[in-house]
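K.L.:
input.tsv is reproduced in full below (TSV, C-alpha atoms).
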chain	number	residue	atom	x	y	z
L	140	SER	CA	119.05	-190.59	-150.18
L	141	LEU	CA	116.81	-188.82	-152.68
L	142	ILE	CA	117.58	-187.94	-156.31
L	143	GLY	CA	115.43	-185.57	-158.35
L	144	GLY	CA	114.45	-185.84	-162.00
L	145	SER	CA	115.09	-183.70	-165.05
L	146	LEU	CA	112.41	-181.08	-164.26
L	147	ILE	CA	111.64	-178.97	-161.18
L	148	ASP	CA	111.86	-180.82	-157.85
L	149	GLN	CA	110.75	-179.58	-154.44
L	150	PHE	CA	112.07	-181.37	-151.35
L	151	ILE	CA	110.15	-180.47	-148.16
L	152	PHE	CA	110.92	-181.51	-144.59
L	153	ASN	CA	107.63	-181.82	-142.74
L	154	GLY	CA	108.59	-183.19	-139.33
L	155	GLY	CA	110.88	-185.91	-140.66
L	156	THR	CA	114.63	-186.37	-141.13
L	157	LEU	CA	116.83	-188.01	-143.75
L	158	SER	CA	120.04	-189.81	-142.87
L	159	GLY	CA	121.42	-189.64	-146.41
L	160	SER	CA	121.69	-186.92	-149.03
L	161	ILE	CA	119.50	-185.02	-151.48
L	162	ASN	CA	120.59	-184.53	-155.09
L	163	GLY	CA	118.27	-182.29	-157.05
L	164	SER	CA	119.80	-183.49	-160.31
L	165	ALA	CA	118.65	-181.39	-163.29
L	166	GLY	CA	116.10	-178.59	-163.28
L	167	SER	CA	115.62	-175.68	-160.90
L	168	ASN	CA	115.12	-177.24	-157.49
L	169	THR	CA	114.11	-176.07	-154.01
L	170	LEU	CA	114.79	-177.48	-150.54
L	171	THR	CA	112.46	-176.43	-147.71
L	172	GLY	CA	113.45	-176.92	-144.08
L	173	GLY	CA	111.20	-178.11	-141.28
L	174	ASN	CA	109.35	-175.83	-138.89
L	175	ILE	CA	112.26	-175.80	-136.44
L	176	SER	CA	115.42	-173.77	-136.02
L	177	ASN	CA	117.44	-174.78	-139.09
L	178	THR	CA	121.15	-174.22	-139.72
L	179	TRP	CA	122.03	-174.11	-143.41
L	180	THR	CA	125.59	-173.97	-144.72
L	181	ILE	CA	126.23	-173.39	-148.42
L	182	THR	CA	129.58	-175.04	-149.09
L	183	GLY	CA	129.80	-175.13	-152.89
L	184	THR	CA	127.81	-174.34	-156.02
L	185	ASP	CA	124.19	-175.15	-155.08
L	186	THR	CA	125.62	-177.53	-152.49
L	187	GLY	CA	125.66	-177.62	-148.71
L	188	THR	CA	124.30	-179.01	-145.47
L	189	LEU	CA	121.13	-178.73	-143.41
L	190	ALA	CA	121.91	-179.54	-139.79
L	191	THR	CA	119.56	-181.78	-137.74
L	192	SER	CA	117.23	-182.69	-140.62
L	193	LEU	CA	119.70	-183.96	-143.22
L	194	GLY	CA	122.46	-186.39	-142.29
L	195	GLY	CA	124.38	-185.97	-145.53
L	196	THR	CA	124.54	-183.07	-147.96
L	197	PHE	CA	122.35	-181.45	-150.57
L	198	SER	CA	123.52	-180.82	-154.13
L	199	ASN	CA	122.05	-179.34	-157.29
L	200	ILE	CA	119.62	-177.36	-155.12
L	201	GLN	CA	119.30	-173.84	-156.50
L	202	SER	CA	116.94	-172.31	-153.89
L	203	LEU	CA	116.53	-172.69	-150.13
L	204	THR	CA	113.40	-172.01	-148.06
L	205	GLY	CA	113.34	-171.85	-144.27
L	206	GLY	CA	110.60	-173.07	-141.98
L	207	ALA	CA	108.51	-171.39	-139.32
L	208	GLY	CA	111.41	-171.29	-136.83
L	209	ALA	CA	114.63	-169.28	-136.85
L	210	ASP	CA	116.77	-170.18	-139.86
L	211	THR	CA	120.46	-169.36	-140.21
L	212	PHE	CA	121.96	-169.42	-143.71
L	213	ALA	CA	125.77	-169.29	-143.86
L	214	ILE	CA	127.61	-168.86	-147.15
L	215	GLY	CA	130.90	-170.76	-146.86
L	216	GLY	CA	134.21	-169.96	-148.52
L	217	ALA	CA	133.29	-171.62	-151.82
L	218	GLY	CA	129.52	-171.36	-151.44
L	219	THR	CA	127.28	-169.96	-154.17
L	220	LEU	CA	123.59	-170.32	-154.85
L	221	SER	CA	122.19	-169.85	-158.35
L	222	GLY	CA	118.65	-169.35	-157.02
L	223	ALA	CA	117.29	-167.56	-153.96
L	224	ILE	CA	116.99	-167.75	-150.18
L	225	ASP	CA	113.54	-167.39	-148.61
L	226	GLY	CA	113.67	-167.21	-144.83
L	227	SER	CA	109.91	-167.81	-144.65
L	228	GLY	CA	108.65	-167.59	-141.03
L	229	GLY	CA	110.63	-166.90	-137.87
L	230	THR	CA	113.52	-164.50	-137.37
L	231	ASP	CA	116.13	-165.48	-139.93
L	232	THR	CA	119.77	-164.60	-140.60
L	233	ILE	CA	122.15	-164.72	-143.56
L	234	THR	CA	125.92	-164.70	-142.94
L	235	GLY	CA	128.08	-163.76	-145.91
L	236	ARG	CA	131.37	-165.24	-147.07
L	237	ASN	CA	134.66	-164.21	-145.48
L	238	ALA	CA	135.29	-162.11	-148.58
L	239	ALA	CA	134.20	-158.72	-149.87
L	240	ASN	CA	130.39	-158.78	-150.00
L	241	THR	CA	127.86	-156.32	-151.40
L	242	TRP	CA	124.47	-156.33	-149.68
L	243	THR	CA	121.60	-154.30	-151.17
L	244	GLU	CA	118.30	-154.01	-149.32
L	245	THR	CA	115.59	-153.59	-151.97
L	246	GLY	CA	112.35	-154.33	-150.11
L	247	THR	CA	111.00	-155.25	-146.68
L	248	ASN	CA	113.50	-157.80	-145.33
L	249	ALA	CA	114.47	-158.52	-148.93
L	250	GLY	CA	117.42	-157.79	-151.17
L	251	THR	CA	120.55	-159.14	-152.79
L	252	VAL	CA	123.94	-160.35	-151.59
L	253	THR	CA	127.09	-161.52	-153.31
L	254	ASN	CA	127.05	-165.24	-154.25
L	255	VAL	CA	123.24	-165.59	-154.12
L	256	THR	CA	122.11	-164.94	-157.68
L	257	SER	CA	118.41	-164.28	-157.11
L	258	GLY	CA	118.71	-162.61	-153.72
L	259	PHE	CA	116.79	-163.14	-150.50
L	260	THR	CA	113.33	-162.54	-149.01
L	261	ASN	CA	111.89	-162.76	-145.49
L	262	VAL	CA	115.33	-162.44	-143.85
L	263	GLU	CA	115.45	-160.08	-140.87
L	264	ASN	CA	119.16	-160.14	-139.94
L	265	LEU	CA	122.29	-159.73	-142.07
L	266	THR	CA	125.84	-160.60	-140.95
L	267	GLY	CA	128.95	-159.81	-142.95
L	268	GLY	CA	132.11	-161.86	-143.18
L	269	THR	CA	135.59	-161.00	-141.98
L	270	ASN	CA	136.38	-158.94	-145.09
L	271	SER	CA	134.80	-155.68	-146.27
L	272	ASP	CA	131.00	-155.66	-146.44
L	273	SER	CA	128.93	-152.83	-147.87
L	274	PHE	CA	125.26	-152.61	-146.84
L	275	THR	CA	123.05	-150.27	-148.90
L	276	PHE	CA	119.36	-149.42	-148.63
L	277	VAL	CA	117.64	-148.46	-151.88
L	278	GLY	CA	114.13	-147.16	-152.49
L	279	PHE	CA	111.71	-147.61	-149.61
L	280	SER	CA	113.46	-150.75	-148.38
L	281	SER	CA	113.69	-151.69	-144.70
L	282	LEU	CA	115.11	-154.33	-142.38
L	283	SER	CA	113.27	-155.20	-139.17
L	284	GLY	CA	116.21	-156.92	-137.45
L	285	SER	CA	119.90	-156.07	-137.42
L	286	ILE	CA	123.07	-155.67	-139.46
L	287	ALA	CA	126.39	-156.97	-138.10
L	288	GLY	CA	129.50	-156.05	-140.02
L	289	GLY	CA	131.41	-159.13	-138.92
L	290	GLY	CA	134.86	-157.57	-139.32
L	291	GLY	CA	136.72	-155.64	-142.00
L	292	ALA	CA	136.15	-152.14	-143.38
L	293	ASP	CA	132.34	-152.30	-143.44
L	294	SER	CA	129.94	-149.54	-144.43
L	295	LEU	CA	126.23	-148.74	-144.17
L	296	THR	CA	124.59	-146.45	-146.74
L	297	GLY	CA	121.12	-144.95	-146.34
L	298	SER	CA	118.39	-144.71	-148.94
L	299	SER	CA	118.14	-141.80	-151.37
L	300	VAL	CA	114.33	-141.59	-151.42
L	301	ASN	CA	113.65	-140.60	-147.81
L	302	ALA	CA	115.33	-139.13	-144.74
L	303	ASN	CA	117.82	-141.28	-142.80
L	304	THR	CA	118.77	-141.12	-139.14
L	305	PHE	CA	121.93	-142.79	-137.83
L	306	THR	CA	122.18	-142.96	-134.02
L	307	LEU	CA	125.52	-143.94	-132.49
L	308	GLN	CA	125.23	-145.74	-129.14
L	309	GLY	CA	128.84	-146.92	-128.82
L	310	LEU	CA	131.91	-147.61	-130.94
L	311	ASP	CA	130.68	-148.62	-134.40
L	312	PHE	CA	127.20	-149.63	-133.22
L	313	GLY	CA	123.79	-148.06	-132.93
L	314	THR	CA	120.59	-147.82	-134.93
L	315	PHE	CA	119.64	-146.77	-138.44
L	316	SER	CA	116.15	-145.54	-139.25
L	317	ASN	CA	114.45	-144.71	-142.53
L	318	GLY	CA	110.96	-145.31	-141.13
L	319	THR	CA	111.91	-148.71	-139.71
L	320	SER	CA	114.58	-149.02	-137.01
L	321	THR	CA	117.49	-151.37	-137.76
L	322	ALA	CA	120.22	-152.11	-135.23
L	323	PHE	CA	123.79	-152.18	-136.52
L	324	SER	CA	127.11	-153.26	-135.02
L	325	ALA	CA	130.74	-153.47	-136.17
L	326	ILE	CA	130.06	-150.85	-138.88
L	327	PRO	CA	132.93	-148.32	-138.89
L	328	THR	CA	131.70	-146.16	-141.81
L	329	LEU	CA	128.28	-144.52	-142.23
L	330	ILE	CA	127.11	-142.89	-145.47
L	331	GLY	CA	123.94	-140.86	-145.93
L	332	GLY	CA	121.67	-141.10	-148.95
L	333	THR	CA	121.47	-138.41	-151.60
L	334	GLY	CA	118.67	-135.90	-152.07
L	335	PHE	CA	117.17	-136.07	-148.56
L	336	PRO	CA	118.33	-134.97	-145.07
L	337	ASN	CA	120.64	-137.36	-143.26
L	338	LEU	CA	121.06	-137.00	-139.50
L	339	LEU	CA	124.00	-138.44	-137.57
L	340	ARG	CA	123.72	-138.23	-133.81
L	341	ALA	CA	125.51	-139.60	-130.77
L	342	THR	CA	123.49	-140.60	-127.69
L	343	PRO	CA	125.93	-141.72	-124.94
L	344	THR	CA	125.89	-138.94	-122.36
L	345	SER	CA	128.89	-140.36	-120.49
L	346	SER	CA	131.32	-140.09	-123.40
L	347	THR	CA	133.15	-137.10	-124.82
L	348	ASN	CA	132.90	-137.08	-128.60
L	349	THR	CA	135.33	-135.32	-130.88
L	350	TRP	CA	133.91	-134.39	-134.27
L	351	ASN	CA	136.20	-133.41	-137.16
L	352	ILE	CA	134.58	-132.04	-140.31
L	353	THR	CA	137.13	-132.78	-143.04
L	354	ASN	CA	135.03	-132.40	-146.22
L	355	PRO	CA	131.54	-131.14	-147.11
L	356	ASN	CA	129.09	-133.12	-144.93
L	357	ALA	CA	131.86	-135.58	-144.06
L	358	GLY	CA	134.38	-136.27	-141.35
L	359	THR	CA	135.19	-138.37	-138.31
L	360	VAL	CA	133.80	-138.83	-134.80
L	361	SER	CA	135.09	-140.70	-131.76
L	362	LEU	CA	132.32	-143.32	-131.95
L	363	LEU	CA	133.20	-144.37	-135.51
L	364	SER	CA	136.52	-146.05	-136.24
L	365	GLY	CA	136.05	-145.21	-139.92
L	366	GLY	CA	134.10	-142.02	-140.55
L	367	PHE	CA	130.98	-140.53	-142.07
L	368	SER	CA	129.94	-138.82	-145.29
L	369	ALA	CA	126.85	-137.30	-146.93
L	370	MET	CA	125.48	-136.26	-143.52
L	371	THR	CA	123.53	-133.01	-143.73
L	372	ASP	CA	122.89	-132.71	-139.97
L	373	ILE	CA	124.87	-133.67	-136.88
L	374	THR	CA	123.79	-133.81	-133.24
L	375	GLY	CA	126.25	-134.45	-130.43
Go through the file and emit its structure as structure tokens.

P.N.:
Amino acid sequence: SLIGGSLIDQFIFNGGTLSGSINGSAGSNTLTGGNISNTWTITGTDTGTLATSLGGTFSNIQSLTGGAGADTFAIGGAGTLSGAIDGSGGTDTITGRNAANTWTETGTNAGTVTNVTSGFTNVENLTGGTNSDSFTFVGFSSLSGSIAGGGGADSLTGSSVNANTFTLQGLDFGTFSNGTSTAFSAIPTLIGGTGFPNLLRATPTSSTNTWNITNPNAGTVSLLSGGFSAMTDITG
């Protein structure tokens, strides 16, 4: 086992493993995974596990950094992180708590999520929990991977600084584009940004879609179990 000091400690896996635990102790500390596919689970306040590399647990670790492989960061039922998550290399994923989560994409594969105080960077895929998750793009932000609602009354909101295109390919799934294409699934409600055109279109040619316009730029369609709003243009 390793125990940090009273200042900043960085613990880095570089091809090795540890059968015990890591306690960052005081300070603002970072744990970096090896260049493999890492599975991280945040189970408490700055506490959790790192499968394969760490036999025990980590504690008093405020920030987590992935390796060159695919990293999966899961926020457990009591999990919180007072620092940040950096996916680093590879194609990485964050899974939120099974509670109401607010995700805000603020940059390229970067943003904030409930229970991670300083947000995330270099994370390509976002997965909600079983409760309601809201995913919002702000500014010129983008996500190169995918968004999975995970269950609950989830929503996806486009940016207000450029045009947004939502393409439905099946029930509650499709793609979102604001310059970069992002796949989404299990998202029952779609919301356009303000100030720019927002296009909602349905692509399956084998399905019959029923559109109901119930409010200005808002309504329901067969391919969304929730509905849509702030859509200036619709294509069947």

K.L.:
Could you name the residues that touch Pro355 (chain L) at 12 Å or less, counting all atoms listed in the file, but leaving out those on the same chain fewer than 6 positions away, as number ranges by chain?

P.N.:
L: 367-372

K.L.:
For Gly194 (chain L), which residue among L:Leu338, L:Leu363, L:Ile330, L:Leu157 is the nearest when counting all atoms listed in the file?

P.N.:
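Closest candidate: L:Leu157.
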
K.L.:
Show me as a PyMOL selection string the residues that reach within 10 Å of (126.4, -152.7, -137.7), counting only C-alpha atoms and using the file's own coordinates.

P.N.:
chain L and resi 265-267+274+285-290+293-295+311-315+321-329

K.L.:
Just to confirm, what's the straight-line distance from CA of Asn351 (chain L) to CA of Gly366 (chain L) in Å (one decimal)?

P.N.:
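Value for the CA of Asn351 (chain L)-CA of Gly366 (chain L) distance: 9.5 Å.
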
K.L.:
Quick one, how far is CA of Ala249 (chain L) from CA of Thr204 (chain L)?

P.N.:
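Taking CA of Ala249 (chain L) and CA of Thr204 (chain L), their separation equals 13.6 Å.
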
K.L.:
Provide the CA of Ser298 (chain L) to CA of Phe259 (chain L) distance in Å, to one decimal place.

P.N.:
18.6 Å

K.L.:
Contacts of region 303-309 of chain L at 9 Å or less, counting only C-alpha atoms, minus same-chain residues fewer than 6 places along, as a list in words?

P.N.:
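So the residues in contact are Gly297, Phe315, Ser316, Asn317, Gly318, Leu329, Gly331, Gly332, Phe335, Pro336, Asn337, Leu338, Leu339, Arg340, Ala341, Thr342, Pro343, Leu362 and Leu363 of chain L.
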
K.L.:
Smallest atom-to-atom distance to Thr232 (chain L): which of L:Asp148, L:Asp272, L:Asp210, L:Asp185, using all atoms listed in the file?

P.N.:
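Among L:Asp148, L:Asp272, L:Asp210, L:Asp185, it is L:Asp210 that comes nearest to Thr232 (chain L).
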
K.L.:
Which residues are close to Ala239 (chain L), i.e. within 10 Å by all atoms listed in the file, leaving aside same-chain residues fewer than 6 positions away? Reply as a list in words.

P.N.:
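After dropping sequence-adjacent residues, the list is Thr253, Gly267, Gly268, Thr269, Asn270, Ser271, Asp272, Ser273, Gly291, Ala292 and Asp293 of chain L.
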
K.L.:
Considering only C-alpha atoms, return as a list in words whatever protein or nucleic-acid residues lie within 6 Å of Ile233 (chain L), sequence-local ones (same chain, fewer than 4 positions apart) excluded.

P.N.:
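Selected residues are Thr211, Phe212, Ala213 and Leu265 of chain L.
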
K.L.:
Taking all atoms listed in the file into account, which of L:Gly250, L:Gly358, L:Gly218, L:Gly172 comes nearest Gly235 (chain L)?

P.N.:
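Checking each of L:Gly250, L:Gly358, L:Gly218, L:Gly172 against Gly235 (chain L), counting all atoms listed in the file, the winner is L:Gly218.
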
K.L.:
Between L:Trp350, L:Phe276, L:Trp179, L:Phe152, which residue has the minimum interatomic distance to Thr234 (chain L), considering only C-alpha atoms?

P.N.:
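Under the stated criterion, the closest residue is L:Trp179.
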
K.L.:
Measuring between all atoms listed in the file, which one of L:Gly222, L:Gly216, L:Gly246, L:Gly228 shows the shortest distance to Gly173 (chain L)?

P.N.:
L:Gly228
